[in-house]
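Reproduced below: upload-v8.cif, with mmCIF, C-alpha atoms.
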```
data_query
loop_
_atom_site.label_atom_id
_atom_site.label_comp_id
_atom_site.auth_asym_id
_atom_site.auth_seq_id
_atom_site.Cartn_x
_atom_site.Cartn_y
_atom_site.Cartn_z
CA MET W 1 -19.79 -11.27 -1.92
CA ARG W 2 -19.15 -8.02 -0.13
CA SER W 3 -17.39 -5.09 -1.68
CA THR W 4 -15.16 -3.02 0.57
CA GLU W 5 -14.30 -0.13 -1.74
CA LEU W 6 -11.42 -1.44 -3.85
CA ALA W 7 -11.56 -5.02 -2.51
CA THR W 8 -14.12 -7.81 -2.46
CA ILE W 9 -14.36 -10.68 -0.01
CA GLU W 10 -16.34 -13.87 -0.42
CA PHE W 11 -16.59 -16.79 1.98
CA GLY W 12 -17.11 -20.45 1.16
CA GLN W 13 -17.12 -23.62 3.24
CA ALA W 14 -15.25 -26.87 2.71
CA GLU W 15 -15.28 -29.93 4.93
CA ARG W 16 -12.64 -28.69 7.37
CA ALA W 17 -12.06 -25.13 6.20
CA THR W 18 -13.49 -21.72 5.65
CA VAL W 19 -12.26 -20.25 2.38
CA ALA W 20 -11.96 -16.47 2.22
CA THR W 21 -11.40 -15.19 -1.31
CA ILE W 22 -10.20 -11.62 -1.52
CA GLY W 23 -10.10 -9.83 -4.84
CA GLY W 24 -9.09 -6.38 -5.96
CA GLU W 25 -6.77 -4.09 -4.02
CA VAL W 26 -6.18 -4.28 -0.27
CA ASP W 27 -4.82 -1.08 1.23
CA MET W 28 -5.29 1.16 4.24
CA SER W 29 -8.73 2.22 3.01
CA ASN W 30 -10.21 -1.27 3.41
CA ALA W 31 -7.79 -3.56 5.30
CA ASP W 32 -9.42 -3.01 8.71
CA ARG W 33 -12.88 -3.86 7.42
CA LEU W 34 -11.56 -6.98 5.70
CA LEU W 35 -9.72 -7.88 8.90
CA ASP W 36 -12.96 -7.62 10.91
CA GLU W 37 -14.70 -10.02 8.52
CA LEU W 38 -11.80 -12.46 8.59
CA MET W 39 -11.47 -12.37 12.38
CA ALA W 40 -15.16 -13.22 12.71
CA ARG W 41 -14.48 -16.47 10.80
CA VAL W 42 -11.27 -17.53 12.59
CA GLY W 43 -11.89 -20.68 14.61
CA THR W 44 -15.28 -21.52 13.08
CA THR W 45 -13.56 -24.41 11.28
CA PRO W 46 -10.16 -26.04 11.90
CA TRP W 47 -8.66 -24.15 8.93
CA LEU W 48 -8.94 -20.72 7.37
CA ILE W 49 -7.76 -20.59 3.78
CA LEU W 50 -7.04 -17.09 2.53
CA ASP W 51 -7.20 -17.13 -1.27
CA LEU W 52 -5.39 -14.08 -2.63
CA THR W 53 -5.14 -15.24 -6.25
CA ALA W 54 -7.68 -12.57 -7.31
CA CYS W 55 -5.93 -9.88 -5.27
CA ALA W 56 -4.00 -7.46 -7.48
CA TYR W 57 -2.46 -5.27 -4.77
CA LEU W 58 -1.53 -5.69 -1.11
CA ASP W 59 0.16 -2.82 0.73
CA SER W 60 1.58 -2.71 4.25
CA ALA W 61 -1.93 -2.48 5.75
CA GLY W 62 -2.84 -5.63 3.85
CA LEU W 63 0.29 -7.38 5.08
CA ARG W 64 -0.59 -6.36 8.64
CA MET W 65 -4.08 -7.78 8.09
CA VAL W 66 -2.62 -11.14 7.02
CA ALA W 67 -0.19 -11.13 9.97
CA ARG W 68 -2.98 -10.41 12.46
CA VAL W 69 -5.16 -13.18 11.03
CA HIS W 70 -2.18 -15.54 11.25
CA GLN W 71 -1.61 -14.62 14.90
CA ARG W 72 -5.30 -15.03 15.74
CA CYS W 73 -5.38 -18.46 14.10
CA ARG W 74 -2.39 -19.53 16.19
CA THR W 75 -4.04 -18.18 19.35
CA VAL W 76 -7.27 -20.15 18.84
CA GLY W 77 -5.56 -23.29 17.50
CA ALA W 78 -6.76 -22.96 13.92
CA GLY W 79 -4.58 -23.40 10.86
CA LEU W 80 -4.06 -20.77 8.17
CA ARG W 81 -3.06 -21.40 4.58
CA VAL W 82 -2.56 -18.57 2.08
CA VAL W 83 -3.03 -19.15 -1.65
CA VAL W 84 -1.18 -16.89 -4.07
CA ASP W 85 -0.19 -17.11 -7.72
CA PRO W 86 3.45 -18.26 -7.89
CA GLY W 87 5.59 -15.40 -9.17
CA GLY W 88 2.67 -12.95 -8.99
CA SER W 89 2.76 -9.60 -7.26
CA ILE W 90 1.38 -10.88 -3.93
CA ASP W 91 3.84 -13.79 -3.93
CA ARG W 92 6.70 -11.33 -4.51
CA VAL W 93 5.51 -9.07 -1.66
CA LEU W 94 5.35 -12.05 0.73
CA GLU W 95 8.84 -13.07 -0.38
CA MET W 96 10.34 -9.56 -0.03
CA THR W 97 8.92 -9.21 3.47
CA HIS W 98 9.88 -12.80 4.40
CA MET W 99 6.27 -13.50 5.34
CA ASP W 100 6.46 -16.54 3.05
CA GLU W 101 8.83 -18.02 5.66
CA VAL W 102 6.22 -17.64 8.42
CA LEU W 103 3.00 -18.40 6.53
CA THR W 104 2.01 -21.64 4.84
CA VAL W 105 1.69 -20.58 1.21
CA ASP W 106 0.11 -22.73 -1.49
CA PRO W 107 0.09 -22.12 -5.26
CA LEU W 108 -3.42 -23.52 -5.78
CA LEU W 109 -6.64 -23.54 -3.78
CA ARG W 110 -6.96 -27.29 -4.28
CA ASP W 111 -3.53 -27.78 -2.67
CA ALA W 112 -4.58 -25.80 0.40
CA LEU W 113 -7.90 -27.66 0.63
CA GLY W 114 -6.16 -31.00 0.18
CA ALA W 115 -3.78 -30.25 3.03
CA ALA W 116 -6.69 -29.26 5.28
CA LEU W 117 -8.54 -32.48 4.43
CA GLU W 118 -5.44 -34.60 5.05
CA GLU W 119 -5.21 -33.43 8.64
CA VAL W 120 -5.28 -36.42 10.95
CA ASP W 121 -8.37 -36.44 13.20
CA GLY W 122 -7.53 -34.99 16.59
CA ALA W 123 -4.21 -33.54 15.41
CA GLU W 124 -3.39 -29.87 15.64
CA PRO W 125 -3.99 -27.86 12.46
CA GLY W 126 -0.85 -27.67 10.41
CA VAL W 127 0.10 -31.29 11.08
CA GLU W 128 -0.63 -33.13 7.89
CA GLY W 129 -1.67 -36.78 7.78
CA VAL W 130 -2.09 -39.36 5.06
CA GLY W 131 -4.47 -39.47 2.09
CA GLY W 132 -7.61 -37.53 1.31
CA SER W 133 -10.23 -37.11 -1.36
CA GLU W 134 -10.35 -34.36 -3.93
CA PRO W 135 -11.44 -31.25 -2.04
CA GLY W 136 -14.33 -28.99 -3.00
CA VAL W 137 -15.70 -25.73 -1.67
CA GLU W 138 -19.29 -24.79 -1.16
CA GLY W 139 -20.22 -21.17 -1.78
CA ALA W 140 -22.52 -19.07 0.40
CA ASP W 141 -25.47 -20.09 -1.81
CA GLY W 142 -24.73 -23.81 -1.30
CA GLY W 143 -23.41 -24.30 -4.84
CA ALA W 144 -20.02 -25.84 -5.46
CA ILE W 145 -17.05 -23.61 -6.11
CA GLU W 146 -14.39 -25.35 -8.14
CA PRO W 147 -10.87 -24.94 -6.77
#
```
Let me see whether you can do it: turn the structure in this file into structure tokens.
Amino acid sequence: MRSTELATIEFGQAERATVATIGGEVDMSNADRLLDELMARVGTTPWLILDLTACAYLDSAGLRMVARVHQRCRTVGAGLRVVVDPGGSIDRVLEMTHMDEVLTVDPLLRDALGAALEEVDGAEPGVEGVGGSEPGVEGADGGAIEP
């Protein structure tokens, strides 16, 4: 886990996805550094899952960070799913800015992972197929992270 002043970022791997978990507060003091770390992971797997459930604050710089990651994923043909607590502060910010209409937002990490695993082989990310096993995430140390 890396600390970027007010925010932390941790990466984990699942079968078809990189999971980026951001905690704390994302603002103009740290959004660019977080963006650099996220951009380095875009395209390394078919999906990037941005877990913001531990994120307490996301200002306009944080929203720009999410938008730029979304655009980069589209450019390289990767899928992006964003996980936020339903009704939480980040969910409300995405709703107020209408970003929830552009992004694929999931209420639980396991939902996002399940959708990534259900992708039909050879299909473009974002096109969901049929069936899948219960997803799991492996942390940087190789240990399982429960969704």
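The smallest atom-to-atom distance between Ser29 (chain W) and any of W:Leu117, W:Ala14, W:Val76, W:Ala7, using all atoms listed in the file, is found for W:Ala7.
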Problem set entry | Arg74 (chain W) environment, 10 Å, only C-alpha atoms, sequence neighbours closer than 6 positions dropped, as an NGL selection string | :W and (42-43 or 68 or 80 or 125)
With C-alpha atoms retained, export the selected residues as a PDB file, in the frame of the given file.
```
ATOM      1  CA  VAL W  42     -11.270 -17.530  12.590  1.00  0.00           C
ATOM      2  CA  GLY W  43     -11.890 -20.680  14.610  1.00  0.00           C
ATOM      3  CA  ARG W  68      -2.980 -10.410  12.460  1.00  0.00           C
ATOM      4  CA  LEU W  80      -4.060 -20.770   8.170  1.00  0.00           C
ATOM      5  CA  PRO W 125      -3.990 -27.860  12.460  1.00  0.00           C
TER       6      PRO W 125
END
```
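Of the listed residues W:Leu63, W:Cys73, W:Ile49, W:Leu94, the one whose atoms come nearest to Leu109 (chain W) is W:Ile49, with distances taken using only C-alpha atoms.
Here CA of Glu95 (chain W) and CA of Gln13 (chain W) stand 28.3 Å from one another.
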For this session: Could you give me, as a list of chain:residue names, the residues within 8 Å of Leu6 (chain W), counting all atoms listed in the file and dropping anything in the same chain fewer than 3 positions from it?
Result: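 Here the answer would be W:Ser3, W:Gly24, W:Glu25, W:Val26, W:Asn30.
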Exercise. Excluding same-chain residues fewer than 2 positions from region 98-107 of chain W, what lies within 6 Å of it counting all atoms listed in the file, as number ranges by chain?
Worked result: W: 81-86, 94-96, 112
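Relative to CA of Ile9 (chain W), CA of Gln71 (chain W) is found at 20.0 Å.
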For this session: Go through W:Cys55, W:Met39, W:Ala20, W:Leu48 one by one, measure the shortest atom-to-atom distance of each to Ala115 (chain W) using only C-alpha atoms, and give the residue with the smallest value.
Result: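 Closest candidate: W:Leu48.
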Problem set entry | Given all atoms listed in the file as the counted atoms, nearest of W:Ala116, W:His70, W:Ala56, W:Gly79 to Val93 (chain W) | W:Ala56
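Checking W:Glu37, W:Glu119, W:Asp111, W:Asp59 one by one against Phe11 (chain W), counting all atoms listed in the file, you find the shortest gap at W:Glu37.
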Taking N, CA and C atoms as the atom set, what does region 18-51 of chain W look like once completed, written as a CSV table (one decimal), in the frame of the given file?
```csv
chain,number,residue,atom,x,y,z
W,18,THR,N,-12.8,-22.9,6.2
W,18,THR,CA,-13.5,-21.7,5.6
W,18,THR,C,-12.6,-21.1,4.6
W,19,VAL,N,-13.1,-20.9,3.4
W,19,VAL,CA,-12.3,-20.2,2.4
W,19,VAL,C,-12.7,-18.8,2.2
W,20,ALA,N,-11.7,-17.9,2.4
W,20,ALA,CA,-12.0,-16.5,2.2
W,20,ALA,C,-11.2,-16.0,1.0
W,21,THR,N,-12.0,-15.6,0.0
W,21,THR,CA,-11.4,-15.2,-1.3
W,21,THR,C,-11.5,-13.7,-1.4
W,22,ILE,N,-10.3,-13.1,-1.5
W,22,ILE,CA,-10.2,-11.6,-1.5
W,22,ILE,C,-9.7,-11.2,-2.9
W,23,GLY,N,-10.5,-10.3,-3.5
W,23,GLY,CA,-10.1,-9.8,-4.8
W,23,GLY,C,-9.9,-8.3,-4.8
W,24,GLY,N,-9.3,-7.8,-5.8
W,24,GLY,CA,-9.1,-6.4,-6.0
W,24,GLY,C,-7.8,-5.9,-5.3
W,25,GLU,N,-7.9,-4.7,-4.6
W,25,GLU,CA,-6.8,-4.1,-4.0
W,25,GLU,C,-7.0,-3.9,-2.5
W,26,VAL,N,-6.1,-4.4,-1.7
W,26,VAL,CA,-6.2,-4.3,-0.3
W,26,VAL,C,-5.2,-3.2,0.2
W,27,ASP,N,-5.7,-2.2,0.8
W,27,ASP,CA,-4.8,-1.1,1.2
W,27,ASP,C,-5.4,-0.5,2.5
W,28,MET,N,-4.8,0.6,3.0
W,28,MET,CA,-5.3,1.2,4.2
W,28,MET,C,-6.7,1.6,4.2
W,29,SER,N,-7.3,1.8,3.1
W,29,SER,CA,-8.7,2.2,3.0
W,29,SER,C,-9.7,1.1,3.3
W,30,ASN,N,-9.3,-0.2,3.2
W,30,ASN,CA,-10.2,-1.3,3.4
W,30,ASN,C,-9.7,-2.4,4.2
W,31,ALA,N,-8.4,-2.4,4.6
W,31,ALA,CA,-7.8,-3.6,5.3
W,31,ALA,C,-8.5,-3.8,6.7
W,32,ASP,N,-8.8,-2.8,7.4
W,32,ASP,CA,-9.4,-3.0,8.7
W,32,ASP,C,-10.8,-3.7,8.6
W,33,ARG,N,-11.6,-3.3,7.6
W,33,ARG,CA,-12.9,-3.9,7.4
W,33,ARG,C,-12.8,-5.3,7.0
W,34,LEU,N,-11.8,-5.6,6.1
W,34,LEU,CA,-11.6,-7.0,5.7
W,34,LEU,C,-11.1,-7.8,6.9
W,35,LEU,N,-10.2,-7.2,7.7
W,35,LEU,CA,-9.7,-7.9,8.9
W,35,LEU,C,-10.9,-8.2,9.8
W,36,ASP,N,-11.8,-7.3,10.0
W,36,ASP,CA,-13.0,-7.6,10.9
W,36,ASP,C,-13.7,-8.8,10.4
W,37,GLU,N,-14.0,-8.9,9.1
W,37,GLU,CA,-14.7,-10.0,8.5
W,37,GLU,C,-13.9,-11.3,8.7
W,38,LEU,N,-12.6,-11.3,8.5
W,38,LEU,CA,-11.8,-12.5,8.6
W,38,LEU,C,-11.7,-12.9,10.0
W,39,MET,N,-11.6,-12.0,11.0
W,39,MET,CA,-11.5,-12.4,12.4
W,39,MET,C,-12.8,-13.0,12.9
W,40,ALA,N,-13.9,-12.6,12.3
W,40,ALA,CA,-15.2,-13.2,12.7
W,40,ALA,C,-15.2,-14.7,12.3
W,41,ARG,N,-14.5,-15.1,11.3
W,41,ARG,CA,-14.5,-16.5,10.8
W,41,ARG,C,-13.4,-17.4,11.4
W,42,VAL,N,-12.4,-16.7,12.0
W,42,VAL,CA,-11.3,-17.5,12.6
W,42,VAL,C,-11.8,-18.4,13.7
W,43,GLY,N,-11.5,-19.7,13.6
W,43,GLY,CA,-11.9,-20.7,14.6
W,43,GLY,C,-13.2,-21.3,14.4
W,44,THR,N,-14.0,-20.9,13.4
W,44,THR,CA,-15.3,-21.5,13.1
W,44,THR,C,-15.1,-22.9,12.4
W,45,THR,N,-14.0,-23.1,11.8
W,45,THR,CA,-13.6,-24.4,11.3
W,45,THR,C,-12.1,-24.6,11.7
W,46,PRO,N,-11.6,-25.8,11.5
W,46,PRO,CA,-10.2,-26.0,11.9
W,46,PRO,C,-9.2,-25.2,11.1
W,47,TRP,N,-9.6,-24.9,9.8
W,47,TRP,CA,-8.7,-24.2,8.9
W,47,TRP,C,-9.3,-22.9,8.4
W,48,LEU,N,-8.5,-21.9,8.2
W,48,LEU,CA,-8.9,-20.7,7.4
W,48,LEU,C,-8.0,-20.7,6.2
W,49,ILE,N,-8.6,-20.7,5.0
W,49,ILE,CA,-7.8,-20.6,3.8
W,49,ILE,C,-8.0,-19.2,3.2
W,50,LEU,N,-7.0,-18.4,3.1
W,50,LEU,CA,-7.0,-17.1,2.5
W,50,LEU,C,-6.6,-17.1,1.1
W,51,ASP,N,-7.5,-17.1,0.2
W,51,ASP,CA,-7.2,-17.1,-1.3
W,51,ASP,C,-7.0,-15.7,-1.8
```
